Each structure stands twice: as structure tokens, then as C-alpha cells.
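Step one of this worksheet: look at the structure below.
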Amino acid sequence: MNNFDVTVIGGGPAGLAAAIKACDEGARVLLIEREERLGGMLKQCIHDGFGLSRFGERLAGPEYVERFMDKLSEKTVDVRLLTFVTRIEKTAEGFCVVTVSRDGLERISTKTIVLATGCRERTAKQVFIHGTRPAGVFTAGTAQHFTNRLGVMPTKKCVILGSGDIGLIMARRLTLEGAKVLGVYEINPTPSGLTRNIHQCLHDYDIPLYLSHTVTRVFGADRLEAVEICEVDESYKPIESTKVRVDCDALIVSVGLIPENELAESVGVELDSHTKGPVCDCQLMTSVDGIFSCGNALHVNDLVDFVSASGELAGLSAAHYAKKAQCKVNIKIGNEFLYLVPQQLDLNADNSRVTFYFRSKAVREKSLLRLTVDGQEVFKRVYPFLRPPEMQQLVLNMDKFAVQNGSDVRFSIEVAE
């Protein structure tokens, strides 16, 4: 049985960064990827805008991951492609990772694991669209795969459900390829995607965005022929009198991403009900000692730069991991937050530069974020506005706030004066 210090599961931008960083720290590293090529979803993201924060350049998705793959090729990292992890078992030495590949079944011994398994799209079935199941109903990522990697146009005239970023980008992409995008329909009263994508992908191409609208039914036997669209009320219930039939040959669903954490759940990792990713400390270690999480498996990020940064932290932490007594303090948030990551602080670790990521639950005007320790304010910052689709990044030196075992550490948001 092969023995490793760090096993990274997932070869996207988070996994690549984690494997490189762990190797740089002297660990013996294994990187496992279920597809035939490294790079994750960025392999099919041929639009630019990646790497602005990290490299100061506008790179396409494949260009971004190529930089990490070039670095990886210089390292002594063992890479396994077309390899599926079927089971993780706890052992006295750490963990046993059971994999299946063309070479058969293999059992791998590892001291630590980094889960960089990314996220997946919600499907039409998960949003309860009634009707038959004809061809022509795609997730936005599937439509992107057909168009950008296979060179196959999945539609000539389509409707997009949901204003998630991949759907917005595909509205532009399909328009450029000659398809007619009849509209983007969003059930919420505000868009779900980044403001820049609303402008660059919809407004610049005169593609209409309909808020407080949803698809309630699809029509067609072998191939999609039309969809039924309704306005929704404040409780998100369809208003029957507003039903409209829209003829089209494809429905592209872009209704959000979910961290992929079946492996994490199988070994008892605690998940956060808001992020759908693991509860972790500031070193990105989960509730199971020796298992770390990063990238979109931890929470869905706006920018790939943040994904890579969390991968590096997880790889560094896994490489440095050693059995020792832990002293963790829970970090609490008010109801104004959609979520905040990380959710715990390990008092025995270096917390001089902790990066927090958070989203507000609702659209807010000028707001004041407060951090209190045992009821005493230790930090505050004013934000001109907060929107749920736009993740915020906050870097703090938590060591200077005198957090002790049992301390009440709490973030809150209120209206700024």
C-alpha cells in the first residue's frame, strides 16, 4: 500500500494549489483527479477575467490553470488521473483512501487528506419544474461544455432560468455563436450573479433579464418545444394569471452551485447548513482531525483567485499537521449573514493573518460590520453596500484580540450612521 503525507482529492484550481504548496513544504503528496485532465471546470471557461487578483492579468480559464500545471510539473507530486475515490477509512496512522482506476482497486495510506472536490450545479429536477423530460434541458455548465470543448451548439433559440454567473456568461457565449437567447428569468427580485456579468453579458448584448419570474413547466416529447413562465409573488409562488408560453428548443438552468461533499459526509465531517461545505477552523481543518477542505468544496467562491488561495492554505496546513491537543473556539454570526467562513478558531495555531469570507443575507445599503470578543468590540469596518451574490473578504490578526478558551467571538452587521 502506497504511503503519503498529504493526499489531495480533486485536480481543479484548489487541488493544484494545495498539492504544490504541500510539496513545497516537504510533504510527500498524491493528487487524485477523476477526469482525464487536470484543471476542473476552468478547462471549459474560455472567457477571460481570471487571475486579476493573483497575477494582475486577464486570463482565460485554461490559461489560469496552465500556470499551476506548469508549476506542478516541476514538483515531485504523484498524480493519478481517471481515478475515483470510492471510500475513505480512518486508521491508526491517519487514513486509507480506496480508489478505482484502469489499474483496478488500490488502497492508499495517507496521514492527511485535502478535499478539493469542487461544486456541482443544481438541475431542473431539483427546482421542481413540471412536465416531461425532453432533450434540450441543460445545466449551464453542460451547455458550456458542449459549446467550448466539444464545439457543438446545444441550441438555436433558448431560455435561461436563473441569473447565476455561468448562465450569464453562457447567455453571451451562445449569442456570439449565433443563437437567440430569449431572456434570462430569475425567481428572486434581485440578480444572483455578479454585477459586472449582468452588464457585460446581458446589457451589452440587449438580452432581457426578468426578475421575479420562473419556469413552471416544460413542453415537448423527444425535444423541448416550449416552456411556461410565470411571475412569482413575494412568497415565490407562481401567479397563475401571468402564465406565458415561450417557444424555444432549449432550457438552460443556472440556479446555483452546491459544494460536492459526499466524501466528507461519508467520514463524518460536520457540514454548515448555510455554505453546504464543512465547518472548519482558520487552518481549514474540518471537524475530523487530519481532513482539510478548500475551494468550492468549502464554499462557493466568486473568484478563482480565492479558490487558489484557500487551496494553498489547506495544503500548507495539511503538510504541517501533527497530532497535538487542539483548542477550538466557535465563531458566531448574526442573522444578517448568509454565512461566514471559517467558523472556528484554533487557539494553538498561528492566527496572525486569518482570512474570513462572508456574504450578507440580503441587499444592504451602507453597513457596519462589528467583531466582538466577550461582548467587547475589537474591530469594525464600514461597507458602502452588501449584496448576497458578492462575497466579501476580510483579513484579520486574530492573535491580538485576546481570544481565550470559551470566549464568545461574534460578528454582526448593522446599519451604519
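Starting from 1 in every chain, residues are counted up; chains themselves are A, B, ... following the order of the C-alpha cells, and ligands are numbered from 1 as listed.
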### Message
Which residues are close to range 310-323 of chain A, i.e. within 9 Å by only C-alpha atoms, leaving aside same-chain residues fewer than 2 positions away? Reply as a count of residues only.
### Response
42
#### Entry: Selection: 10 Å around Arg107 in chain A, only C-alpha atoms, excl. self and same-chain fewer than 3 positions, as a ChimeraX atom specification
/A:1-3,85,87-89,95-100,110
With N, CA and C atoms kept, could you save the residues just selected as a CSV table (one decimal), in the first residue's frame?
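Contents of result.csv, as written:
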```csv
chain,number,residue,atom,x,y,z
A,1,MET,N,0.8,-1.2,0.0
A,1,MET,CA,0.0,0.0,0.0
A,1,MET,C,0.9,1.2,0.0
A,2,ASN,N,0.6,2.2,-0.9
A,2,ASN,CA,1.4,3.4,-1.0
A,2,ASN,C,1.2,4.3,0.2
A,3,ASN,N,2.2,5.0,0.6
A,3,ASN,CA,2.1,5.9,1.8
A,3,ASN,C,2.4,7.3,1.4
A,85,VAL,N,-12.2,8.1,-6.1
A,85,VAL,CA,-12.1,7.7,-4.7
A,85,VAL,C,-13.5,7.1,-4.3
A,87,ARG,N,-14.0,5.3,-1.3
A,87,ARG,CA,-14.1,5.2,0.2
A,87,ARG,C,-12.9,5.8,0.9
A,88,ILE,N,-13.2,6.4,2.1
A,88,ILE,CA,-12.1,6.9,3.0
A,88,ILE,C,-12.3,6.2,4.3
A,89,GLU,N,-11.3,5.6,4.8
A,89,GLU,CA,-11.4,4.9,6.1
A,89,GLU,C,-10.4,5.5,7.1
A,95,PHE,N,-5.3,7.8,7.5
A,95,PHE,CA,-6.5,7.4,6.7
A,95,PHE,C,-6.0,6.4,5.6
A,96,CYS,N,-7.0,5.6,5.2
A,96,CYS,CA,-6.8,4.8,4.0
A,96,CYS,C,-7.8,5.3,2.9
A,97,VAL,N,-7.3,5.6,1.8
A,97,VAL,CA,-8.1,6.1,0.7
A,97,VAL,C,-8.2,5.0,-0.4
A,98,VAL,N,-9.4,4.5,-0.6
A,98,VAL,CA,-9.7,3.4,-1.6
A,98,VAL,C,-10.0,4.0,-2.9
A,99,THR,N,-9.3,3.7,-4.0
A,99,THR,CA,-9.6,4.2,-5.3
A,99,THR,C,-9.8,3.1,-6.3
A,100,VAL,N,-10.4,3.5,-7.4
A,100,VAL,CA,-10.6,2.6,-8.6
A,100,VAL,C,-10.2,3.4,-9.8
A,110,THR,N,-2.4,7.5,3.9
A,110,THR,CA,-2.1,8.9,4.0
A,110,THR,C,-2.3,9.5,5.4
```
### Query
as a PyMOL selection string, which residues of range 54-283 of chain A does DSSP assign to strand (DSSP E or B)?
chain A and resi 59+78-80+84-90+95-101+104-115+119-121+130-131+135+137-139+157-161+180-186+209-211+213-219+223+226-232+238+244-247+250-253+257-259+271+278
### Message
Can you tell me, as a PyMOL selection string, which residues in range 135-350 of chain A count as alpha helix (DSSP H) by DSSP?
### Response
chain A and resi 140-144+165-176+195-197+262-266+304-320
### Message
Could you list, as a PyMOL selection string, every residue within 7 Å of range 334-336 of chain A, counting only C-alpha atoms and ignoring same-chain residues fewer than 5 positions away?
### Response
chain A and resi 360-361+411-413
Please produce a file of those selected residues containing N, CA and C atoms, as a compact mmCIF listing (two decimals), in the first residue's frame.
```
# COMPACT_ATOMS: atom_id res chain seq x y z
N SER A 360 -23.71 38.69 2.91
CA SER A 360 -24.89 39.17 3.64
C SER A 360 -26.11 38.39 3.17
N LYS A 361 -27.11 38.30 4.04
CA LYS A 361 -28.32 37.55 3.68
C LYS A 361 -29.19 38.32 2.70
N PHE A 411 -19.49 38.03 15.10
CA PHE A 411 -19.58 39.05 14.04
C PHE A 411 -21.05 39.48 13.92
N SER A 412 -21.27 40.78 13.67
CA SER A 412 -22.62 41.28 13.43
C SER A 412 -22.58 42.37 12.38
N ILE A 413 -23.72 42.63 11.76
CA ILE A 413 -23.84 43.70 10.77
C ILE A 413 -25.03 44.57 11.16
```
### Summary
Using only C-alpha atoms, the shortest atom-to-atom distance to Thr139 in chain A among A:Arg217, A:Asn405, A:Cys280, A:Leu251 belongs to A:Leu251
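Take the candidates A:Gln200, A:Ser101, A:Gln376, A:Thr132 and check each one against Glu225 in chain A using only C-alpha atoms; the shortest distance goes to A:Thr132.
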### Task
Pick out the residues sitting within 12 Å of range 244-250 of chain A, and hand them over as an NGL selection string; count only C-alpha atoms, and ignore anything fewer than 4 positions along from it in its own chain.
:A and (133-140 or 143 or 153-161 or 174 or 179-183 or 185 or 213-231 or 238-240)
### Nearest to Ile129 in chain A by atom-to-atom distance, counting only C-alpha atoms, from A:Ala349, A:Leu371, A:Ile258, A:Val253
A:Val253
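Counting only C-alpha atoms and comparing A:Thr76, A:Thr275, A:Ser266, A:Gln343, the residue that lies closest to Phe356 in chain A is A:Gln343.
In this model, the gap between CA of Val363 in chain A and CA of Arg387 in chain A comes to 4.6 Å.
Each of A:Leu72, A:Val269, A:Leu52, A:Val403 was checked against Leu303 in chain A using only C-alpha atoms; the smallest atom-to-atom distance is that of A:Leu52.
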### Task
Would you mind listing what lies within 7 Å of Lys328 in chain A as a list of chain:residue names, with only C-alpha atoms counted and same-chain residues fewer than 3 positions away left out?
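Near Lys328 in chain A, the qualifying residues are A:Gln344, A:Leu345, A:Asp346, A:Leu347.
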Let me see the file: selected residues, C-alpha atoms, as a PDB file, in the first residue's frame.
```
ATOM      1  CA  GLN A 344     -13.847  28.119  14.191  1.00  0.00           C
ATOM      2  CA  LEU A 345     -10.555  29.421  15.594  1.00  0.00           C
ATOM      3  CA  ASP A 346      -7.789  27.061  16.788  1.00  0.00           C
ATOM      4  CA  LEU A 347      -6.056  28.878  19.636  1.00  0.00           C
TER       5      LEU A 347
END
```
### Message
Taking 2 positions as the minimum chain separation for residues in the same chain, which residues sit within 8 Å of Pro208 in chain A when counting only C-alpha atoms? Answer as a ChimeraX atom specification.
### Response
/A:182-184,202-203,206,210
Keeping C-alpha atoms for every residue in the selection just given, could you write it to a file as a short mmCIF file (atom, residue, chain, number, x, y, z; two decimals), in the first residue's frame?
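The result, stored in again_34.cif:
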```cif
data_model
loop_
_atom_site.label_atom_id
_atom_site.label_comp_id
_atom_site.auth_asym_id
_atom_site.auth_seq_id
_atom_site.Cartn_x
_atom_site.Cartn_y
_atom_site.Cartn_z
CA LEU A 182 -34.92 34.98 -25.48
CA GLY A 183 -34.32 36.04 -21.90
CA VAL A 184 -32.88 35.26 -18.51
CA LEU A 202 -26.72 40.87 -20.72
CA HIS A 203 -26.88 44.65 -21.07
CA ASP A 206 -29.51 43.50 -25.26
CA TYR A 210 -36.81 39.25 -15.98
#
```
### Task
Find the spatial neighbours of Glu377 in chain A, counting only C-alpha atoms, within a cut-off of 12 Å - ignore same-chain residues fewer than 3 positions away - and output them as a PyMOL selection string.
chain A and resi 369-374+380-381+401-402+408-412
### Query
Looking at A:Leu81, A:Ile207, A:Val232, A:Ile46, which one is nearest to Arg102 in chain A, with distances taken over only C-alpha atoms?
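Closest to Arg102 in chain A, using only C-alpha atoms: A:Leu81.
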Within 12 Å of range 167-173 of chain A, which residues of range 21-134 of chain A show up? Give each one with its shortest atom-to-atom distance in Å (one decimal) and the two atoms involved, counting only C-alpha atoms, rows by chain then rising residue number, as a tab-separated table.
```
residue	atom	partner	partner_atom	distance
A:Gln44	CA	A:Met170	CA	11.4
A:Cys45	CA	A:Ile169	CA	9.3
A:Ile46	CA	A:Arg173	CA	9.8
A:His47	CA	A:Ile169	CA	8.2
A:Asp48	CA	A:Ile169	CA	10.7
A:Gly49	CA	A:Ile169	CA	11.4
A:Glu121	CA	A:Gly167	CA	10.8
```
Just C-alpha atoms for this one: save the residues we selected as a PDB file, in the first residue's frame.
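Saved to result-v8.pdb:
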```
ATOM      1  CA  GLN A  44     -14.102  24.900 -20.417  1.00  0.00           C
ATOM      2  CA  CYS A  45     -14.150  28.535 -19.203  1.00  0.00           C
ATOM      3  CA  ILE A  46     -12.601  30.134 -22.276  1.00  0.00           C
ATOM      4  CA  HIS A  47     -13.743  33.670 -21.372  1.00  0.00           C
ATOM      5  CA  ASP A  48     -11.222  35.982 -19.735  1.00  0.00           C
ATOM      6  CA  GLY A  49     -11.306  37.710 -16.332  1.00  0.00           C
ATOM      7  CA  GLU A 121     -24.865  22.623 -10.447  1.00  0.00           C
TER       8      GLU A 121
END
```
